[in-house]
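Here is the structure we will look at, set down as structure tokens.
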Number of protein chains: 4
Amino acid sequence: MEPVRLGMVGGGTGAFIGAVHRIAARMDGHFTLVAGALSSDPDRSRESTVALGLDPARSYDSFAEMAEAESQREDGIEAVSIVTPNHLHAPAATEFLKRGIHVICDKPLTATLPEAEALEQAARASSAQFILTHNYTGYPMVRQARAMVARGDLGQLRLVHVAYLQNWMTEAVEAQGSKQAEWRTDPARAGAGGALGDIGTHAHNLAGFITGQQVESLAADIQSFVPGRKLDDNAHVLLRFAGGMRGTLMCSQIAPGQENGLSVKVFGDKGGLEWFQEHPNELWFTPHGEPTRRLSRMGAGAEQVAIDASRVPPGHPEGYLEAFANIYADTAAMLRSGVSDAVLPGIADGIAGMRFVTACVASSENNSAWTQP
Amino acid sequence: MEPVRLGMVGGGTGAFIGAVHRIAARMDGHFTLVAGALSSDPDRSRESTVALGLDPARSYDSFAEMAEAESQREDGIEAVSIVTPNHLHAPAATEFLKRGIHVICDKPLTATLPEAEALEQAARASSAQFILTHNYTGYPMVRQARAMVARGDLGQLRLVHVAYLQNWMTEAVEAQGSKQAEWRTDPARAGAGGALGDIGTHAHNLAGFITGQQVESLAADIQSFVPGRKLDDNAHVLLRFAGGMRGTLMCSQIAPGQENGLSVKVFGDKGGLEWFQEHPNELWFTPHGEPTRRLSRMGAGAEQVAIDASRVPPGHPEGYLEAFANIYADTAAMLRSGVSDAVLPGIADGIAGMRFVTACVASSENNSAWTQP
Amino acid sequence: MEPVRLGMVGGGTGAFIGAVHRIAARMDGHFTLVAGALSSDPDRSRESTVALGLDPARSYDSFAEMAEAESQREDGIEAVSIVTPNHLHAPAATEFLKRGIHVICDKPLTATLPEAEALEQAARASSAQFILTHNYTGYPMVRQARAMVARGDLGQLRLVHVAYLQNWMTEAVEAQGSKQAEWRTDPARAGAGGALGDIGTHAHNLAGFITGQQVESLAADIQSFVPGRKLDDNAHVLLRFAGGMRGTLMCSQIAPGQENGLSVKVFGDKGGLEWFQEHPNELWFTPHGEPTRRLSRMGAGAEQVAIDASRVPPGHPEGYLEAFANIYADTAAMLRSGVSDAVLPGIADGIAGMRFVTACVASSENNSAWTQP
Amino acid sequence: MEPVRLGMVGGGTGAFIGAVHRIAARMDGHFTLVAGALSSDPDRSRESTVALGLDPARSYDSFAEMAEAESQREDGIEAVSIVTPNHLHAPAATEFLKRGIHVICDKPLTATLPEAEALEQAARASSAQFILTHNYTGYPMVRQARAMVARGDLGQLRLVHVAYLQNWMTEAVEAQGSKQAEWRTDPARAGAGGALGDIGTHAHNLAGFITGQQVESLAADIQSFVPGRKLDDNAHVLLRFAGGMRGTLMCSQIAPGQENGLSVKVFGDKGGLEWFQEHPNELWFTPHGEPTRRLSRMGAGAEQVAIDASRVPPGHPEGYLEAFANIYADTAAMLRSGVSDAVLPGIADGIAGMRFVTACVASSENNSAWTQP
């Protein structure tokens, strides 16, 4: 399979998620990074391009310039990764979509719901694919959980409890030089949601991905605990799903001791599942009335979808980067085969995420009234 | 110390919690069980008394008879354990309180809030003590958590997440011969709360015990998933506390894989704590910005309150019965010393629990509106 | 069932294991402590007796006096718990055995193998029972493991790995006032084995209890790491069993971070088991080629022997004291029924333990040559 | 940094470790695979080359041919990865070394000790570097452990317990079509050690890497449990180190429930460490007399060497492939900088490993006599 020619918007030296995307794209050899508009600061952009060993001629000062120039080249990029702060997702993605260049976009989809809806239009109007990197769906055991639920191993679902707890914004790090924290706490760049947008959308997406059900109504209580912080750093949300399932969602960036504590518990009338992101190679499954099983990636009881998403045998831990790389690998396979991949998160997931954030904020402002996303 | 002469109401052969109380009372040798009205069925009551090796002359057909007769004896009981279904707590307790006999009562306090308030009056009017067996407060590491919070190790508290998940009522076991499930799902005997009353009150109590803060307002979404079940078997509750702390409480008896999954997480601006009842000898403490510590019962870093509540060295696990026995041991010490014990749960905790259940039901019926307990 | 009248030798105020025996005896109400020679120091003995609420008339200055006097009383003790340092086990036990008083003796059996063999003669000559408190065999999940192995759930056994690691003697605590450490490091009182006698015998017993196989030959490398310490504080042992099974045994009292780290792993050609004493309510079982199961005490998949040894439902942790109490409860049942209990550890286990220690020391002195115990 | 031009010997389609090496080489973009002799079967070799997208002109029928041809090209490979069965390591490596092409060789070094010693000569005579992929040394927390030991955080070392337990050869899979098992159980291709060579060498290397000490003498008991198997599938080894430290090493490929259960425990007079490969982002550290700390990769308390070996923040698990990639990344840095890397495992480690295997076999044949490796 010929590697997909890839460009990148954002992700200059020092950025976190840009480097993650590059490793994920490279891991399986299905992409080759050939162009970039890596920073809004032209000097930093060029330095970053050089540091990455890219052709300086394909280092651009802006995403608009890159979209234009690359679409003219015979060997131009086929896809672009967008790893900027949230408010730039929509304008950048639109430039590439309208030129038929596939977009791999970091989450959340946009800063605001109207932007998201406009982007949805642009995606529909384009021949290109739009992939949203809800990377936790790339974990083999998450995909196994989804397959087990879909097959009915848990019976009729009753409950989903999802939590995403972090500690890194316990103090006002945005005022202490953390670039990561700065834009995430700035409504102009992050949008309406702080923790909600940054990690709540992951938790929300994961609940839907595994259970196959969408939130019908929610009641939220959101907080901003750190003095002076403009966006939420913690949220507690009650969930009701169309099929009668109920749930809870918690997200926090001010929980000391929690590094990247994403967990999902799903309970049905025939069984239960538990998964913890920090130990991602294990999935705990209890058929009601039987002992709990520790299912391991590629181990006994592994579903085909988990095997397909694995590179090494059981007991050889795969982690965050491998899960992220699965999103890229599946994208490459889809682009080369021309067959859509039902598992990959896309524009609809992004819209659902933005509606979720928006509804949480509205509910919380309305004294936690039940609100439809 | 002379053992306290103890009577028991309820807890005949086959009952679960009665046997627990008896072991707890016996473990440290501070109580001697001498009388009982062990069942509302006189034959079963007498059989149970014999099986326990009690004097048949002190086996009573009713708690009223027992209260009257024992209060006349010079060697009559000094205290009574009440381990009946919830609706009998108040009438039984009242009989003993008015005769100056100390009451050790299982939770929740009563079936209804009015009963609870009447019982509170009876307790105030009595010279006797009233102890409510919120037994999880007897765990050494729970007491250690409380001490650490009180001293400020976590800084200003921001969040408490408490969950109590069980699996044993996943199916309609109340229709399949489970006596335990029968009365717990019968509003006449259990009161307004199902899972809420049975285990939600424990979770609520634990959150307050450790944080030292009380719920100011709550928003609840409660469910009864098993067809035909009259009381809730699952509840999701958002919490607001007077001091600005926020929280969540979940309780469920329909969560396959969860045996007695009570857990508490507390986060402040300087640190976090996590405790899991199924591994009760460990307390996980993270001073913000430092590595997480595994504090062990009696191990390095143990607080005096945890040492005082321990019987064996670190690494030799103590469990549920030892924690329960701590409630009894502290009660005996209080009765013999005449000095009130600030740690023991009592009538106020019982009232708070009933207000919590009542408010959850009201909030849920009112579309999860914020409600003051 | 009428409680068994019990005496105690050793275990005065401040002793660790004496208090454990008393709680274990009391927990299920099957014993009543009525007499004691609690210390070799008469004053301390009497004070301890008073502190325990015993009749001062039945506080004795020596075990010999107690054996003589109690055997004359109509209400004399039926059984005695011996909880002294090792070197007194044999002389004390002999006094009671020859008078037909049942003996419940702490481990290891004696300080030396010749003493052990003499005691074996005394036990054979007596009508009384001899119980050795290898208390870890009282854990429900240990008994479950034994039952599963016996039924063939693991197929033909190949390997057993047992380890017992502690940290409390990492420094020379015997020179810093620790009574517990003082006698355990004194060859005159502890015997030939330090860590080997104190905890190695537990590990050795547990391996045999679960697998049903006895060590045929061993090769040991034992050490005394703390300067000035006269007995081993660490041992590494290779094991060969009669049936072809191989194994390893490690014991240490100088392993920082290990509080009471006793673990057993057993592997056969059809499955494997793992058990960790610090989380005793779980047993990890893997049928080869299937996912690992977490078996819980009283939970789904519980064996009858584990249920019989339990007091509270799954998820309500039982611990060290409950396991110890199972030894007492089974002893009471045996004494009252007159039927021997095949599960209870006795003189043969004690002899096996002493042969194990003796062989380890001999092997280690002989450059780790394979040695028959 | 210009990527290093890499060739590969072995690792055709379907091989496990070849694919691992390729991902590891690719992950950080420091290598580009340009040539291969991927199979001893020329057809399979060419198919594999095509599948990997290599230039067919650089697909060779043998390593000798490849060494010769590539060394003539101006754009010839700078380094070669050797991922064949053990018996081909030496002949292949020698061909490249003598032409100044750097060698990255899978472990164990060779099939026999004489081969290893010859290879050592070849490496010494060459200007090229020789790297042995003891990949577990690439884990950040393993490097952190090494740094902590070196700085004295554990005080003087006393004990190291290392175990490497797997389950995949519990049955005679070598007779059931497993290519992986076939050559590993064939003395002609694997050498003198079965489990010992395959995974025992990893455990042995890890013990030395972390503690900085080498085995002075060992006593081994090795077994071949599966009927008909010609090489060991289990080994128990006692260890003595030059500095007075003692240890144990266990390796097994017949332990049901153990997928890739590599663990290390190190105890000194001031502290202890534990690391478990299946949860590699955690390192458990106990300063004696203080609570145990959970050190996390990149988390609070992270050493610089662990940070340097990390790609993503704490809580975002890195795994086996990232650790393997660290070996490659460090190799690239060494080759480009020309400065030797003291951390990378090389020929001396390989010789030590072969001596270890040889000594284990000799000791076991000599009734477990202490033997110098």
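Convention: chains lettered A, B, ... in structure tokens order; per-chain residue numbering from 1; ligands numbered from 1 as shown.
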
Could you give me, as JSON lines, every chain D residue with an atom at most 9 Å from chain A, plus its closest atom pair and distance in Å to one decimal, counting only C-alpha atoms, rows ordered by chain then number?
```
{"residue": "D:Met1", "atom": "CA", "partner": "A:Gly53", "partner_atom": "CA", "distance": 7.3}
{"residue": "D:Glu2", "atom": "CA", "partner": "A:Gly53", "partner_atom": "CA", "distance": 7.6}
{"residue": "D:Phe16", "atom": "CA", "partner": "A:Val312", "partner_atom": "CA", "distance": 7.6}
{"residue": "D:Ile17", "atom": "CA", "partner": "A:Val312", "partner_atom": "CA", "distance": 8.9}
{"residue": "D:Ala19", "atom": "CA", "partner": "A:Arg311", "partner_atom": "CA", "distance": 8.4}
{"residue": "D:Val20", "atom": "CA", "partner": "A:Val312", "partner_atom": "CA", "distance": 7.5}
{"residue": "D:Arg22", "atom": "CA", "partner": "A:Asp28", "partner_atom": "CA", "distance": 8.8}
{"residue": "D:Ile23", "atom": "CA", "partner": "A:Met27", "partner_atom": "CA", "distance": 6.0}
{"residue": "D:Ala24", "atom": "CA", "partner": "A:Met27", "partner_atom": "CA", "distance": 8.1}
{"residue": "D:Arg26", "atom": "CA", "partner": "A:Met27", "partner_atom": "CA", "distance": 6.1}
{"residue": "D:Met27", "atom": "CA", "partner": "A:Met27", "partner_atom": "CA", "distance": 4.8}
{"residue": "D:Asp28", "atom": "CA", "partner": "A:Ile23", "partner_atom": "CA", "distance": 6.5}
{"residue": "D:Gly29", "atom": "CA", "partner": "A:Arg26", "partner_atom": "CA", "distance": 7.3}
{"residue": "D:Ala51", "atom": "CA", "partner": "A:Met1", "partner_atom": "CA", "distance": 7.9}
{"residue": "D:Leu52", "atom": "CA", "partner": "A:Met1", "partner_atom": "CA", "distance": 8.4}
{"residue": "D:Gly53", "atom": "CA", "partner": "A:Met1", "partner_atom": "CA", "distance": 7.3}
{"residue": "D:Gln166", "atom": "CA", "partner": "A:Gly315", "partner_atom": "CA", "distance": 8.7}
{"residue": "D:Gln258", "atom": "CA", "partner": "A:Gly315", "partner_atom": "CA", "distance": 7.9}
{"residue": "D:Glu259", "atom": "CA", "partner": "A:Gly315", "partner_atom": "CA", "distance": 4.7}
{"residue": "D:Asn260", "atom": "CA", "partner": "A:Gly315", "partner_atom": "CA", "distance": 4.4}
{"residue": "D:Gly261", "atom": "CA", "partner": "A:Gly315", "partner_atom": "CA", "distance": 7.0}
{"residue": "D:Gln277", "atom": "CA", "partner": "A:His316", "partner_atom": "CA", "distance": 7.9}
{"residue": "D:Glu278", "atom": "CA", "partner": "A:Gly315", "partner_atom": "CA", "distance": 5.8}
{"residue": "D:His279", "atom": "CA", "partner": "A:His279", "partner_atom": "CA", "distance": 6.9}
{"residue": "D:Pro280", "atom": "CA", "partner": "A:Pro317", "partner_atom": "CA", "distance": 7.9}
{"residue": "D:Asn281", "atom": "CA", "partner": "A:Glu278", "partner_atom": "CA", "distance": 8.7}
{"residue": "D:Gly299", "atom": "CA", "partner": "A:Glu259", "partner_atom": "CA", "distance": 7.9}
{"residue": "D:Arg311", "atom": "CA", "partner": "A:Val20", "partner_atom": "CA", "distance": 7.9}
{"residue": "D:Val312", "atom": "CA", "partner": "A:Val20", "partner_atom": "CA", "distance": 7.5}
{"residue": "D:Pro313", "atom": "CA", "partner": "A:Glu259", "partner_atom": "CA", "distance": 8.5}
{"residue": "D:Pro314", "atom": "CA", "partner": "A:Glu259", "partner_atom": "CA", "distance": 5.9}
{"residue": "D:Gly315", "atom": "CA", "partner": "A:Asn260", "partner_atom": "CA", "distance": 4.4}
{"residue": "D:His316", "atom": "CA", "partner": "A:Tyr320", "partner_atom": "CA", "distance": 5.6}
{"residue": "D:Pro317", "atom": "CA", "partner": "A:Gly319", "partner_atom": "CA", "distance": 4.8}
{"residue": "D:Glu318", "atom": "CA", "partner": "A:Gly319", "partner_atom": "CA", "distance": 4.9}
{"residue": "D:Gly319", "atom": "CA", "partner": "A:Pro317", "partner_atom": "CA", "distance": 4.8}
{"residue": "D:Tyr320", "atom": "CA", "partner": "A:Pro317", "partner_atom": "CA", "distance": 5.4}
{"residue": "D:Leu321", "atom": "CA", "partner": "A:Glu318", "partner_atom": "CA", "distance": 7.0}
{"residue": "D:Glu322", "atom": "CA", "partner": "A:Leu321", "partner_atom": "CA", "distance": 8.5}
```

8 Å contact set for C:Ala79, only C-alpha atoms, chain neighbours under 2 positions out, as a list in words: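 Near neighbours after the sequence-gap exclusion: Val4, Arg5, Leu6, Gly7, Ile77, Ser81, Ile101, His102, Val103 and Ile104 of chain C.
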
Can you write out the residues you just picked, keeping N, CA and C atoms, as a PDB file, in the first residue's frame?
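Contents of part05.pdb, freshly written:
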```pdb
ATOM      1  N   VAL C   4     -16.166 -24.124  74.430  1.00  0.00           N
ATOM      2  CA  VAL C   4     -15.027 -24.881  74.958  1.00  0.00           C
ATOM      3  C   VAL C   4     -14.299 -24.016  75.992  1.00  0.00           C
ATOM      4  N   ARG C   5     -14.029 -24.590  77.149  1.00  0.00           N
ATOM      5  CA  ARG C   5     -13.291 -23.849  78.189  1.00  0.00           C
ATOM      6  C   ARG C   5     -11.803 -23.854  77.821  1.00  0.00           C
ATOM      7  N   LEU C   6     -11.284 -22.645  77.727  1.00  0.00           N
ATOM      8  CA  LEU C   6      -9.939 -22.488  77.167  1.00  0.00           C
ATOM      9  C   LEU C   6      -8.983 -21.836  78.159  1.00  0.00           C
ATOM     10  N   GLY C   7      -7.751 -22.324  78.184  1.00  0.00           N
ATOM     11  CA  GLY C   7      -6.673 -21.642  78.900  1.00  0.00           C
ATOM     12  C   GLY C   7      -5.661 -21.127  77.906  1.00  0.00           C
ATOM     13  N   ILE C  77     -10.087 -26.303  82.312  1.00  0.00           N
ATOM     14  CA  ILE C  77     -10.004 -26.043  80.880  1.00  0.00           C
ATOM     15  C   ILE C  77     -10.016 -27.346  80.085  1.00  0.00           C
ATOM     16  N   SER C  81      -4.356 -22.772  74.626  1.00  0.00           N
ATOM     17  CA  SER C  81      -3.633 -22.137  73.510  1.00  0.00           C
ATOM     18  C   SER C  81      -2.220 -21.824  73.972  1.00  0.00           C
ATOM     19  N   ILE C 101      -5.586 -32.668  78.020  1.00  0.00           N
ATOM     20  CA  ILE C 101      -6.104 -31.341  77.641  1.00  0.00           C
ATOM     21  C   ILE C 101      -5.646 -31.030  76.208  1.00  0.00           C
ATOM     22  N   HIS C 102      -6.611 -30.679  75.367  1.00  0.00           N
ATOM     23  CA  HIS C 102      -6.311 -30.405  73.969  1.00  0.00           C
ATOM     24  C   HIS C 102      -5.383 -29.198  73.839  1.00  0.00           C
ATOM     25  N   VAL C 103      -4.520 -29.252  72.835  1.00  0.00           N
ATOM     26  CA  VAL C 103      -3.536 -28.187  72.664  1.00  0.00           C
ATOM     27  C   VAL C 103      -3.735 -27.497  71.309  1.00  0.00           C
ATOM     28  N   ILE C 104      -3.807 -26.186  71.378  1.00  0.00           N
ATOM     29  CA  ILE C 104      -3.808 -25.350  70.168  1.00  0.00           C
ATOM     30  C   ILE C 104      -2.511 -24.562  70.238  1.00  0.00           C
TER      31      ILE C 104
END
```

Spatial neighbours of B:Asp232, max dist 7 Å, only C-alpha atoms, sep filter under 3 positions, as a list in words: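 Here the qualifying residues turn out to be Gly193, Gly194, Ala195, Ile222, Gln223 and Ser224 of chain B.
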
Limited to C-alpha atoms, could you put the picked residues into a file as an mmCIF file, in the first residue's frame?
```cif
data_model
loop_
_atom_site.group_PDB
_atom_site.id
_atom_site.type_symbol
_atom_site.label_atom_id
_atom_site.label_comp_id
_atom_site.auth_asym_id
_atom_site.auth_seq_id
_atom_site.Cartn_x
_atom_site.Cartn_y
_atom_site.Cartn_z
ATOM 1 C CA GLY B 193 -35.905 4.294 49.321
ATOM 2 C CA GLY B 194 -34.810 0.979 47.877
ATOM 3 C CA ALA B 195 -31.143 1.057 46.956
ATOM 4 C CA ILE B 222 -33.591 7.476 40.360
ATOM 5 C CA GLN B 223 -34.721 4.374 38.559
ATOM 6 C CA SER B 224 -36.289 1.015 39.076
#
```

Nearby residues (only C-alpha atoms) at most 12 Å from A:Ala333, same-chain spacing under 2 positions excluded, as an mmCIF file with N, CA and C atoms, in the first residue's frame:
```cif
data_model
loop_
_atom_site.group_PDB
_atom_site.id
_atom_site.type_symbol
_atom_site.label_atom_id
_atom_site.label_comp_id
_atom_site.auth_asym_id
_atom_site.auth_seq_id
_atom_site.Cartn_x
_atom_site.Cartn_y
_atom_site.Cartn_z
ATOM 1 N N MET A 1 0.847 -1.198 0.000
ATOM 2 C CA MET A 1 0.000 0.000 0.000
ATOM 3 C C MET A 1 0.886 1.252 0.000
ATOM 4 N N GLU A 2 0.679 2.083 -0.990
ATOM 5 C CA GLU A 2 1.435 3.344 -1.092
ATOM 6 C C GLU A 2 1.086 4.256 0.090
ATOM 7 N N PRO A 3 2.087 4.785 0.807
ATOM 8 C CA PRO A 3 1.757 5.681 1.921
ATOM 9 C C PRO A 3 0.965 6.910 1.465
ATOM 10 N N VAL A 4 0.106 7.356 2.309
ATOM 11 C CA VAL A 4 -0.706 8.552 2.051
ATOM 12 C C VAL A 4 0.144 9.799 2.302
ATOM 13 N N ASP A 28 2.735 2.804 11.513
ATOM 14 C CA ASP A 28 2.515 1.648 10.665
ATOM 15 C C ASP A 28 2.979 1.869 9.231
ATOM 16 N N GLY A 29 3.582 3.020 8.993
ATOM 17 C CA GLY A 29 4.161 3.245 7.680
ATOM 18 C C GLY A 29 3.155 3.583 6.590
ATOM 19 N N HIS A 30 1.941 3.962 6.989
ATOM 20 C CA HIS A 30 0.919 4.212 5.978
ATOM 21 C C HIS A 30 0.816 5.677 5.561
ATOM 22 N N PHE A 31 1.564 6.534 6.218
ATOM 23 C CA PHE A 31 1.529 7.960 5.888
ATOM 24 C C PHE A 31 2.957 8.468 5.750
ATOM 25 N N ASN A 326 -4.052 3.433 15.435
ATOM 26 C CA ASN A 326 -5.137 2.666 14.814
ATOM 27 C C ASN A 326 -6.101 3.570 14.049
ATOM 28 N N ILE A 327 -6.321 4.760 14.590
ATOM 29 C CA ILE A 327 -7.176 5.714 13.870
ATOM 30 C C ILE A 327 -6.526 6.065 12.530
ATOM 31 N N TYR A 328 -5.227 6.281 12.570
ATOM 32 C CA TYR A 328 -4.521 6.601 11.324
ATOM 33 C C TYR A 328 -4.494 5.412 10.363
ATOM 34 N N ALA A 329 -4.220 4.238 10.908
ATOM 35 C CA ALA A 329 -4.140 3.052 10.037
ATOM 36 C C ALA A 329 -5.487 2.788 9.373
ATOM 37 N N ASP A 330 -6.548 2.912 10.132
ATOM 38 C CA ASP A 330 -7.876 2.684 9.558
ATOM 39 C C ASP A 330 -8.211 3.751 8.519
ATOM 40 N N THR A 331 -7.751 4.966 8.795
ATOM 41 C CA THR A 331 -7.978 6.039 7.834
ATOM 42 C C THR A 331 -7.267 5.737 6.514
ATOM 43 N N LEU A 335 -8.951 5.283 2.918
ATOM 44 C CA LEU A 335 -8.623 6.148 1.778
ATOM 45 C C LEU A 335 -8.146 5.317 0.589
ATOM 46 N N ARG A 336 -7.335 4.289 0.875
ATOM 47 C CA ARG A 336 -6.809 3.485 -0.226
ATOM 48 C C ARG A 336 -7.873 2.562 -0.817
ATOM 49 N N SER A 337 -8.746 2.054 0.039
ATOM 50 C CA SER A 337 -9.751 1.099 -0.452
ATOM 51 C C SER A 337 -10.960 1.813 -1.030
ATOM 52 N N GLY A 338 -11.152 3.062 -0.589
ATOM 53 C CA GLY A 338 -12.337 3.778 -1.027
ATOM 54 C C GLY A 338 -13.607 3.333 -0.318
ATOM 55 N N VAL A 339 -13.455 2.402 0.602
ATOM 56 C CA VAL A 339 -14.633 1.919 1.340
ATOM 57 C C VAL A 339 -14.690 2.608 2.696
ATOM 58 N N SER A 340 -15.830 3.199 3.010
ATOM 59 C CA SER A 340 -15.975 3.895 4.285
ATOM 60 C C SER A 340 -15.833 2.915 5.437
ATOM 61 N N ASP A 341 -15.300 3.425 6.516
ATOM 62 C CA ASP A 341 -15.076 2.606 7.691
ATOM 63 C C ASP A 341 -16.081 3.039 8.745
ATOM 64 N N LEU A 344 -14.640 4.387 12.311
ATOM 65 C CA LEU A 344 -13.906 5.636 12.491
ATOM 66 C C LEU A 344 -14.825 6.790 12.874
#
```

Interatomic distance, atom CA of C:Leu283 to atom CA of C:Val160 (Å, one decimal): 15.1 Å

Filtered DSSP result for stretch 98-330 of chain D, state strand (DSSP E), as a PyMOL selection string: chain D and resi 102-105+130-132+157-165+215-223+234-241+246-252+261-268+271-276+282-287+292-296

Store the residues picked out above, limited to C-alpha atoms, as an mmCIF file, in the first residue's frame.
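Contents of selection.cif, freshly written:
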```cif
data_model
loop_
_atom_site.group_PDB
_atom_site.id
_atom_site.type_symbol
_atom_site.label_atom_id
_atom_site.label_comp_id
_atom_site.auth_asym_id
_atom_site.auth_seq_id
_atom_site.Cartn_x
_atom_site.Cartn_y
_atom_site.Cartn_z
ATOM 1 C CA HIS D 102 26.289 -1.545 12.302
ATOM 2 C CA VAL D 103 24.361 -4.483 13.697
ATOM 3 C CA ILE D 104 21.144 -4.419 15.721
ATOM 4 C CA CYS D 105 20.710 -8.019 16.770
ATOM 5 C CA PHE D 130 26.790 -3.866 17.882
ATOM 6 C CA ILE D 131 23.461 -3.429 19.660
ATOM 7 C CA LEU D 132 21.582 -6.288 21.298
ATOM 8 C CA LEU D 157 21.400 -3.784 47.698
ATOM 9 C CA ARG D 158 20.566 -7.095 49.309
ATOM 10 C CA LEU D 159 18.091 -8.905 47.101
ATOM 11 C CA VAL D 160 16.860 -9.092 43.549
ATOM 12 C CA HIS D 161 13.941 -11.295 42.586
ATOM 13 C CA VAL D 162 13.281 -11.516 38.884
ATOM 14 C CA ALA D 163 10.661 -13.662 37.209
ATOM 15 C CA TYR D 164 9.563 -14.079 33.627
ATOM 16 C CA LEU D 165 6.514 -16.295 33.327
ATOM 17 C CA VAL D 215 25.962 -12.757 38.754
ATOM 18 C CA GLU D 216 28.988 -14.348 40.354
ATOM 19 C CA SER D 217 27.603 -17.804 40.871
ATOM 20 C CA LEU D 218 24.327 -19.586 40.276
ATOM 21 C CA ALA D 219 22.561 -22.819 41.147
ATOM 22 C CA ALA D 220 19.903 -23.916 38.695
ATOM 23 C CA ASP D 221 17.160 -26.484 38.487
ATOM 24 C CA ILE D 222 15.786 -26.602 34.965
ATOM 25 C CA GLN D 223 12.973 -28.705 33.603
ATOM 26 C CA ASN D 234 10.981 -23.830 32.969
ATOM 27 C CA ALA D 235 13.928 -22.871 35.143
ATOM 28 C CA HIS D 236 14.468 -21.966 38.795
ATOM 29 C CA VAL D 237 17.789 -20.323 39.587
ATOM 30 C CA LEU D 238 19.466 -19.136 42.785
ATOM 31 C CA LEU D 239 21.808 -16.197 42.292
ATOM 32 C CA ARG D 240 24.804 -14.771 44.098
ATOM 33 C CA PHE D 241 26.308 -11.462 43.076
ATOM 34 C CA ARG D 246 21.537 -12.541 46.507
ATOM 35 C CA GLY D 247 18.707 -13.276 44.166
ATOM 36 C CA THR D 248 16.370 -15.637 42.435
ATOM 37 C CA LEU D 249 15.436 -15.951 38.799
ATOM 38 C CA MET D 250 12.492 -17.902 37.495
ATOM 39 C CA CYS D 251 11.452 -18.306 33.927
ATOM 40 C CA SER D 252 8.677 -20.415 32.518
ATOM 41 C CA GLY D 261 4.749 -11.846 33.238
ATOM 42 C CA LEU D 262 8.135 -10.246 33.614
ATOM 43 C CA SER D 263 8.686 -8.657 37.011
ATOM 44 C CA VAL D 264 11.600 -7.374 39.060
ATOM 45 C CA LYS D 265 11.829 -6.680 42.767
ATOM 46 C CA VAL D 266 14.913 -5.125 44.279
ATOM 47 C CA PHE D 267 15.478 -4.661 47.994
ATOM 48 C CA GLY D 268 18.239 -2.734 49.702
ATOM 49 C CA GLY D 271 14.311 0.845 50.271
ATOM 50 C CA GLY D 272 12.653 -1.393 47.759
ATOM 51 C CA LEU D 273 11.403 -1.256 44.162
ATOM 52 C CA GLU D 274 8.915 -3.350 42.214
ATOM 53 C CA TRP D 275 8.173 -3.255 38.499
ATOM 54 C CA PHE D 276 5.757 -5.333 36.459
ATOM 55 C CA GLU D 282 4.260 2.315 37.115
ATOM 56 C CA LEU D 283 7.221 1.782 39.413
ATOM 57 C CA TRP D 284 6.546 1.024 43.068
ATOM 58 C CA PHE D 285 9.082 2.549 45.416
ATOM 59 C CA THR D 286 9.227 2.234 49.171
ATOM 60 C CA PRO D 287 11.807 4.175 51.148
ATOM 61 C CA THR D 292 4.960 3.021 49.230
ATOM 62 C CA ARG D 293 4.932 5.447 46.294
ATOM 63 C CA ARG D 294 3.457 4.760 42.904
ATOM 64 C CA LEU D 295 5.887 6.474 40.554
ATOM 65 C CA SER D 296 4.438 7.022 37.121
#
```

Atom-to-atom span, atom CA of D:Phe356 and atom CA of D:Ala128, Å: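 The value is 25.7 Å.
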
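Atom CA of D:His89 lies 24.0 Å from atom CA of D:Ala57.
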
Which of stretch 165-353 of chain C fall in alpha helix (DSSP H), as a PyMOL selection string: chain C and resi 179-184+187-190+195+201-211+304-308+320-337+347-353
